[in-house]
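Source file: final.txt (compact mmCIF, C-alpha atoms)
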```txt
# COMPACT_ATOMS: atom_id res chain seq x y z
CA MET A 1 0.00 0.00 0.00
CA ASN A 2 2.67 2.45 1.03
CA SER A 3 4.78 1.62 -2.00
CA VAL A 4 1.80 2.39 -4.26
CA LEU A 5 1.35 5.74 -2.52
CA ASP A 6 5.09 6.44 -2.87
CA TRP A 7 4.94 5.56 -6.55
CA MET A 8 2.02 7.96 -7.06
CA GLU A 9 4.24 10.77 -5.85
CA THR A 10 6.83 10.03 -8.55
CA THR A 11 4.35 10.32 -11.45
CA TRP A 12 3.85 13.22 -13.85
CA ILE A 13 0.32 13.56 -12.48
CA ASN A 14 1.78 14.43 -9.09
CA ALA A 15 4.07 16.97 -10.74
CA LEU A 16 1.15 18.47 -12.66
CA ALA A 17 -0.82 18.85 -9.43
CA LEU A 18 1.95 20.39 -7.38
CA ASN A 19 4.32 22.25 -9.72
CA TYR A 20 1.85 24.83 -10.99
CA ALA A 21 0.06 27.14 -8.55
CA TRP A 22 -3.08 27.22 -10.70
CA THR A 23 -3.55 23.49 -11.30
CA TRP A 24 -5.31 22.77 -8.02
CA PRO A 25 -7.81 25.70 -8.02
CA ILE A 26 -8.66 25.21 -11.71
CA LEU A 27 -9.25 21.47 -11.23
CA GLU A 28 -11.30 22.14 -8.09
CA THR A 29 -13.52 24.49 -10.05
CA LEU A 30 -13.95 21.83 -12.75
CA HIS A 31 -14.70 19.29 -9.98
CA PHE A 32 -17.59 21.51 -8.78
CA ILE A 33 -18.91 21.94 -12.33
CA GLY A 34 -18.74 18.17 -12.89
CA MET A 35 -20.58 17.67 -9.60
CA SER A 36 -23.36 20.00 -10.77
CA LEU A 37 -23.69 18.19 -14.11
CA LEU A 38 -23.93 14.81 -12.37
CA ILE A 39 -26.36 15.93 -9.67
CA GLY A 40 -28.60 17.86 -12.07
CA ALA A 41 -28.93 14.85 -14.35
CA ILE A 42 -29.51 12.26 -11.62
CA LEU A 43 -32.05 14.50 -9.83
CA VAL A 44 -34.24 14.41 -12.93
CA MET A 45 -33.64 10.69 -13.56
CA ASP A 46 -33.97 9.53 -9.95
CA LEU A 47 -37.08 11.59 -9.23
CA ARG A 48 -38.77 10.07 -12.30
CA LEU A 49 -37.61 6.66 -11.08
CA ILE A 50 -39.19 7.37 -7.69
CA GLY A 51 -42.42 8.20 -9.53
CA VAL A 52 -42.38 12.01 -9.54
CA GLN A 53 -43.38 13.77 -12.79
CA ARG A 54 -44.96 10.83 -14.59
CA VAL A 55 -45.73 13.19 -17.45
CA ILE A 56 -42.16 12.33 -18.51
CA PRO A 57 -42.18 8.97 -20.37
CA SER A 58 -40.19 6.86 -17.89
CA LEU A 59 -37.20 5.57 -19.83
CA THR A 60 -36.77 8.74 -21.89
CA VAL A 61 -34.90 10.27 -18.94
CA HIS A 62 -31.99 8.21 -20.29
CA GLN A 63 -31.47 11.25 -22.52
CA LEU A 64 -29.79 12.81 -19.50
CA LEU A 65 -27.25 9.99 -19.16
CA PRO A 66 -24.58 11.80 -21.25
CA MET A 67 -24.85 14.81 -18.91
CA ALA A 68 -24.39 12.50 -15.92
CA PHE A 69 -21.46 10.63 -17.50
CA ILE A 70 -19.68 13.82 -18.59
CA GLY A 71 -20.01 15.15 -15.04
CA PHE A 72 -18.81 11.87 -13.53
CA GLY A 73 -15.94 11.52 -16.01
CA LEU A 74 -14.80 15.09 -15.37
CA ASN A 75 -14.80 14.42 -11.64
CA LEU A 76 -13.07 11.06 -11.95
CA LEU A 77 -10.25 12.67 -13.94
CA THR A 78 -9.86 15.73 -11.72
CA GLY A 79 -10.25 13.53 -8.64
CA ILE A 80 -7.42 11.25 -9.82
CA VAL A 81 -5.12 14.28 -10.12
CA PHE A 82 -6.02 15.32 -6.55
CA LEU A 83 -5.34 11.80 -5.30
CA PHE A 84 -1.97 11.58 -7.07
CA GLY A 85 -1.13 15.07 -5.84
CA ASP A 86 -1.36 14.14 -2.17
CA PRO A 87 -1.74 10.33 -1.95
CA HIS A 88 -0.55 9.75 1.60
CA ARG A 89 -2.92 12.25 3.09
CA TYR A 90 -5.94 11.09 1.07
CA ALA A 91 -5.29 7.45 1.94
CA ILE A 92 -5.64 8.06 5.69
CA ASN A 93 -8.39 10.67 5.42
CA PRO A 94 -11.65 9.24 6.88
CA ALA A 95 -13.88 11.58 4.85
CA PHE A 96 -12.13 10.50 1.62
CA GLN A 97 -12.42 6.83 2.58
CA ILE A 98 -16.14 7.15 3.22
CA LYS A 99 -16.60 9.15 0.01
CA ALA A 100 -14.82 6.45 -2.01
CA VAL A 101 -17.02 3.71 -0.50
CA LEU A 102 -20.18 5.73 -1.23
CA ILE A 103 -19.09 6.19 -4.88
CA VAL A 104 -18.58 2.43 -5.24
CA LEU A 105 -22.00 1.78 -3.69
CA ALA A 106 -23.57 4.35 -6.05
CA GLY A 107 -21.92 2.52 -8.95
CA LEU A 108 -23.32 -0.84 -7.79
CA ASN A 109 -26.73 0.79 -7.37
CA ALA A 110 -26.54 2.11 -10.95
CA LEU A 111 -25.56 -1.38 -12.10
CA LEU A 112 -28.64 -2.81 -10.37
CA TYR A 113 -30.71 -0.23 -12.25
CA ALA A 114 -29.18 -1.14 -15.61
CA VAL A 115 -29.43 -4.92 -15.10
CA LYS A 116 -32.76 -5.31 -13.30
CA VAL A 117 -34.85 -2.15 -13.10
CA ALA A 118 -34.58 -0.62 -16.56
CA PRO A 119 -35.38 -3.89 -18.42
CA ALA A 120 -38.45 -4.44 -16.21
CA MET A 121 -39.62 -0.87 -16.82
CA SER A 122 -39.26 -1.11 -20.58
CA ASN A 123 -42.38 -3.31 -20.68
CA ALA A 124 -44.41 -1.07 -18.36
CA PRO A 125 -46.66 1.82 -19.48
CA PRO A 126 -44.41 4.91 -19.92
CA HIS A 127 -46.56 7.18 -17.73
CA GLY A 128 -47.46 4.63 -15.07
CA ASP A 129 -46.24 4.38 -11.51
CA THR A 130 -42.82 2.82 -11.03
CA PRO A 131 -42.10 -0.55 -9.33
CA ALA A 132 -41.02 -0.58 -5.69
CA LEU A 133 -37.49 -1.63 -6.62
CA ALA A 134 -37.24 1.35 -8.99
CA LYS A 135 -38.28 3.73 -6.23
CA ALA A 136 -35.75 2.17 -3.86
CA VAL A 137 -32.95 2.41 -6.43
CA GLY A 138 -33.81 6.05 -7.20
CA ALA A 139 -33.94 7.08 -3.54
CA THR A 140 -30.72 5.18 -2.78
CA SER A 141 -28.96 6.92 -5.66
CA LEU A 142 -29.96 10.39 -4.43
CA ALA A 143 -28.97 9.60 -0.85
CA LEU A 144 -25.58 8.14 -1.87
CA TRP A 145 -24.62 11.04 -4.15
CA ILE A 146 -25.63 13.64 -1.54
CA GLY A 147 -23.43 11.69 0.88
CA VAL A 148 -20.60 11.80 -1.67
CA ILE A 149 -20.86 15.61 -1.80
CA CYS A 150 -20.95 15.97 1.99
CA PHE A 151 -17.97 13.73 2.70
CA GLY A 152 -16.07 15.18 -0.25
CA ARG A 153 -16.48 18.66 1.13
CA LEU A 154 -15.40 17.44 4.58
CA ILE A 155 -12.05 16.06 3.33
CA PRO A 156 -10.08 19.22 4.21
CA TYR A 157 -11.72 19.36 7.65
CA LEU A 158 -11.31 15.74 8.71
CA GLY A 159 -7.82 15.24 7.34
CA LEU A 160 -5.65 17.39 9.53
CA GLY A 161 -3.92 14.50 11.31
CA GLU A 162 -0.18 13.86 11.08
CA LEU A 163 1.14 11.68 8.30
CA MET B 1 -21.77 21.96 8.76
CA MET B 2 -22.63 24.98 6.65
CA ILE B 3 -19.99 24.37 4.00
CA THR B 4 -21.37 20.89 3.17
CA LEU B 5 -24.94 22.22 2.94
CA HIS B 6 -23.64 24.96 0.67
CA SER B 7 -22.10 22.34 -1.66
CA VAL B 8 -25.27 20.25 -1.83
CA GLY B 9 -27.38 23.35 -2.50
CA LEU B 10 -24.93 24.44 -5.21
CA ALA B 11 -25.19 21.10 -6.98
CA VAL B 12 -29.00 21.22 -6.83
CA VAL B 13 -29.39 24.81 -8.09
CA VAL B 14 -26.72 24.74 -10.77
CA GLY B 15 -27.35 21.13 -11.79
CA LEU B 16 -31.06 21.70 -12.35
CA ALA B 17 -30.39 25.08 -13.99
CA ILE B 18 -28.09 23.29 -16.46
CA ALA B 19 -30.69 20.58 -17.16
CA ILE B 20 -33.51 23.14 -17.63
CA ASN B 21 -31.37 25.42 -19.80
CA LEU B 22 -30.19 22.56 -22.01
CA ARG B 23 -33.85 21.52 -22.45
CA LEU B 24 -34.67 25.07 -23.56
CA LEU B 25 -31.73 24.97 -25.97
CA GLY B 26 -33.05 21.83 -27.65
CA ARG B 27 -31.59 18.86 -25.72
CA PHE B 28 -33.62 16.19 -23.87
CA ARG B 29 -36.58 16.71 -26.22
CA THR B 30 -38.72 13.97 -24.67
CA ILE B 31 -38.86 15.89 -21.37
CA PRO B 32 -42.10 17.93 -21.61
CA PHE B 33 -41.84 21.61 -20.68
CA SER B 34 -44.78 21.15 -18.30
CA SER B 35 -42.64 18.76 -16.23
CA LEU B 36 -40.00 21.43 -15.62
CA ARG B 37 -42.13 23.26 -13.04
CA VAL B 38 -41.23 20.85 -10.24
CA PHE B 39 -37.53 21.14 -11.12
CA PHE B 40 -37.73 24.94 -10.85
CA THR B 41 -39.28 24.47 -7.41
CA ILE B 42 -36.50 22.12 -6.30
CA ALA B 43 -33.89 24.51 -7.70
CA TRP B 44 -35.38 27.31 -5.59
CA VAL B 45 -35.21 25.06 -2.52
CA GLY B 46 -31.50 24.58 -3.27
CA PHE B 47 -31.15 28.33 -3.70
CA LEU B 48 -32.78 28.94 -0.31
CA VAL B 49 -30.46 26.38 1.32
CA ASN B 50 -27.50 28.25 -0.15
CA PHE B 51 -28.85 31.68 0.76
CA LEU B 52 -29.15 30.59 4.40
CA SER B 53 -25.92 28.56 4.60
CA GLY B 54 -24.14 31.34 2.67
CA ALA B 55 -25.43 33.94 5.12
CA ALA B 56 -24.11 31.84 8.00
CA LEU B 57 -20.71 31.49 6.32
CA PHE B 58 -20.70 35.23 5.59
CA THR B 59 -21.38 36.29 9.17
CA SER B 60 -18.47 34.15 10.36
CA GLN B 61 -16.10 36.43 8.42
CA ALA B 62 -18.18 39.40 7.31
CA THR B 63 -15.48 42.08 7.33
CA GLY B 64 -13.20 39.91 5.25
CA TYR B 65 -15.87 39.13 2.65
CA VAL B 66 -17.24 42.64 2.05
CA THR B 67 -13.86 43.88 0.83
CA ASP B 68 -13.09 40.74 -1.18
CA ALA B 69 -13.50 41.51 -4.89
CA THR B 70 -13.85 37.82 -5.78
CA PHE B 71 -16.70 37.46 -3.31
CA LEU B 72 -18.46 40.56 -4.63
CA ILE B 73 -18.18 39.33 -8.24
CA LYS B 74 -19.58 35.97 -7.12
CA MET B 75 -22.54 37.74 -5.51
CA ALA B 76 -23.20 39.59 -8.78
CA PHE B 77 -23.16 36.27 -10.68
CA VAL B 78 -25.52 34.68 -8.14
CA LEU B 79 -27.94 37.62 -8.37
CA VAL B 80 -28.03 37.46 -12.16
CA GLY B 81 -28.33 33.66 -12.00
CA ALA B 82 -31.34 33.91 -9.68
CA ALA B 83 -32.82 36.58 -11.95
CA THR B 84 -32.51 34.28 -14.98
CA LEU B 85 -34.31 31.50 -13.08
CA GLY B 86 -37.02 33.97 -12.03
CA TYR B 87 -37.38 35.10 -15.65
CA LEU B 88 -37.30 31.60 -17.15
CA GLN B 89 -39.85 30.00 -14.80
CA PRO B 90 -42.92 31.88 -16.15
CA ALA B 91 -41.40 31.84 -19.66
CA VAL B 92 -41.27 28.02 -19.57
CA ALA B 93 -44.82 27.87 -18.22
CA ARG B 94 -45.95 29.88 -21.28
CA ILE B 95 -44.24 27.55 -23.75
CA GLY B 96 -46.79 24.87 -23.16
CA ASP B 97 -47.70 21.56 -21.81
CA GLY B 98 -45.69 18.88 -23.42
CA HIS B 99 -47.87 18.03 -26.39
CA GLY B 100 -45.33 19.85 -28.45
CA ALA B 101 -42.14 18.10 -27.54
CA ASP B 102 -40.95 20.32 -30.34
CA SER B 103 -42.66 23.46 -29.08
CA VAL B 104 -40.86 26.55 -30.29
CA VAL B 105 -38.79 28.26 -27.62
CA PRO B 106 -38.81 32.04 -28.19
CA SER B 107 -35.38 33.45 -28.98
CA GLY B 108 -35.50 35.71 -25.90
CA THR B 109 -35.99 32.65 -23.71
CA ARG B 110 -33.11 30.86 -25.40
CA THR B 111 -30.88 33.89 -24.87
CA ALA B 112 -31.81 33.91 -21.18
CA ALA B 113 -30.95 30.19 -21.00
CA VAL B 114 -27.47 30.84 -22.41
CA ILE B 115 -26.93 33.75 -20.00
CA SER B 116 -28.09 31.52 -17.15
CA LEU B 117 -25.54 28.80 -18.06
CA VAL B 118 -22.72 31.36 -18.27
CA VAL B 119 -23.46 33.17 -15.01
CA TRP B 120 -23.91 29.99 -12.97
CA ALA B 121 -20.55 28.78 -14.26
CA GLY B 122 -19.16 32.19 -13.30
CA ALA B 123 -20.64 31.88 -9.81
CA ILE B 124 -18.96 28.48 -9.31
CA ILE B 125 -15.59 29.68 -10.63
CA THR B 126 -15.50 32.86 -8.54
CA GLY B 127 -16.98 31.10 -5.50
CA ARG B 128 -14.24 28.48 -5.54
CA LEU B 129 -11.56 31.09 -6.09
CA ILE B 130 -12.54 33.03 -2.95
CA ALA B 131 -10.39 30.55 -1.06
CA TYR B 132 -7.36 31.29 -3.26
CA LEU B 133 -7.41 35.02 -4.12
```
Would you mind giving the structure from this file in structure tokens?
Amino acid sequence: MNSVLDWMETTWINALALNYAWTWPILETLHFIGMSLLIGAILVMDLRLIGVQRVIPSLTVHQLLPMAFIGFGLNLLTGIVFLFGDPHRYAINPAFQIKAVLIVLAGLNALLYAVKVAPAMSNAPPHGDTPALAKAVGATSLALWIGVICFGRLIPYLGLGEL
Amino acid sequence: MMITLHSVGLAVVVGLAIAINLRLLGRFRTIPFSSLRVFFTIAWVGFLVNFLSGAALFTSQATGYVTDATFLIKMAFVLVGAATLGYLQPAVARIGDGHGADSVVPSGTRTAAVISLVVWAGAIITGRLIAYL
């Protein structure tokens, strides 16, 4: 584990993060914009999944998937630069650890949607109520991503311990 | 903690503003305009959360913020951003009720949507930079 963290500090990504004063603030700003793209898209999709706004044909909210993936991709890339920029401190940071777990859970939840929920809904009336599992997946997604934001924002506050 | 609330509210306001504005600019055409009303409401809830959490953050360091040019520019962006939402909400209600997935969006409304996207991005950029400048 430690050798991986040491290796991260020898990479060009680490140099990019630390050698230019503007890298970190610019990437942080992009990280916030990516967050907004992701949250805006999943709010619309998850609320429809929960059964709100049935005037929207259910599966057509998939039109917002590119917005969600662009936001997530932007934040994965910028997040990787942050991680490589200060690997030892992120690794022991409890807020970062919880955030990472929540992201994995959100990914598994999305997988459950793709494998089980969406196929079942494709045969249902487009303006009907959604199945219980769909509501659960939608609510879980919203809760997990809000948790990701909260623990992400807490990283600088919960990570002040010694290395 | 106020700063976490402020981040969640930011994502809700700006995220929904982006989704609504992209709809007005011709994306997500299967989403009926009549369904946008609830998303405006949720965006305003996010705005209220950020107004209150922002006020709390402000009072913790008021004298520092009032002389901070970055903060003042951010406030200008936020004001214009809120104004665009306030302008777009009735404008979207006038466009119609979803029968016309291809309803025509008046050019003034599309202009306001572009301005809204730009100023919300400006609010995020300047808001983040307060910590650095």
Identify, on the basis of all atoms listed in the file, every residue whose closest approach to Val148 (chain A) does not exceed 7 Å; exclude the query and any residue fewer than 5 positions from it along the same chain; express the result as a PyMOL selection string.
-> chain A and resi 99+102-103
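Proximity ranking of A:Ile80, A:Leu59, A:Ile92, A:Ala118 relative to chain B places A:Leu59 first, based on all atoms listed in the file.
Rounded to one decimal, CA of Gly122 (chain B) and CA of Ile13 (chain A) lie 27.0 Å from each other.
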Shell of 8 Å around Ile130 (chain B), only C-alpha atoms, local chain residues under 5 positions omitted, as number ranges by chain | B: 68, 70-71
Could you save the residues just selected, with C-alpha atoms, as a tab-separated table (two decimals), keeping the file's coordinate frame?
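See result_31.tsv below for the written result:
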```tsv
chain	number	residue	atom	x	y	z
B	68	ASP	CA	-13.09	40.74	-1.18
B	70	THR	CA	-13.85	37.82	-5.78
B	71	PHE	CA	-16.70	37.46	-3.31
```
Please determine the contact residues of chain B with respect to chain A at a cut-off of 6 Å, counting all atoms listed in the file, and supply them as a PyMOL selection string.
-> chain B and resi 4+11+14-16+28+31+125
What is the CA of Ala17 (chain A) to CA of Asp86 (chain A) distance in Å?
-> 8.7 Å
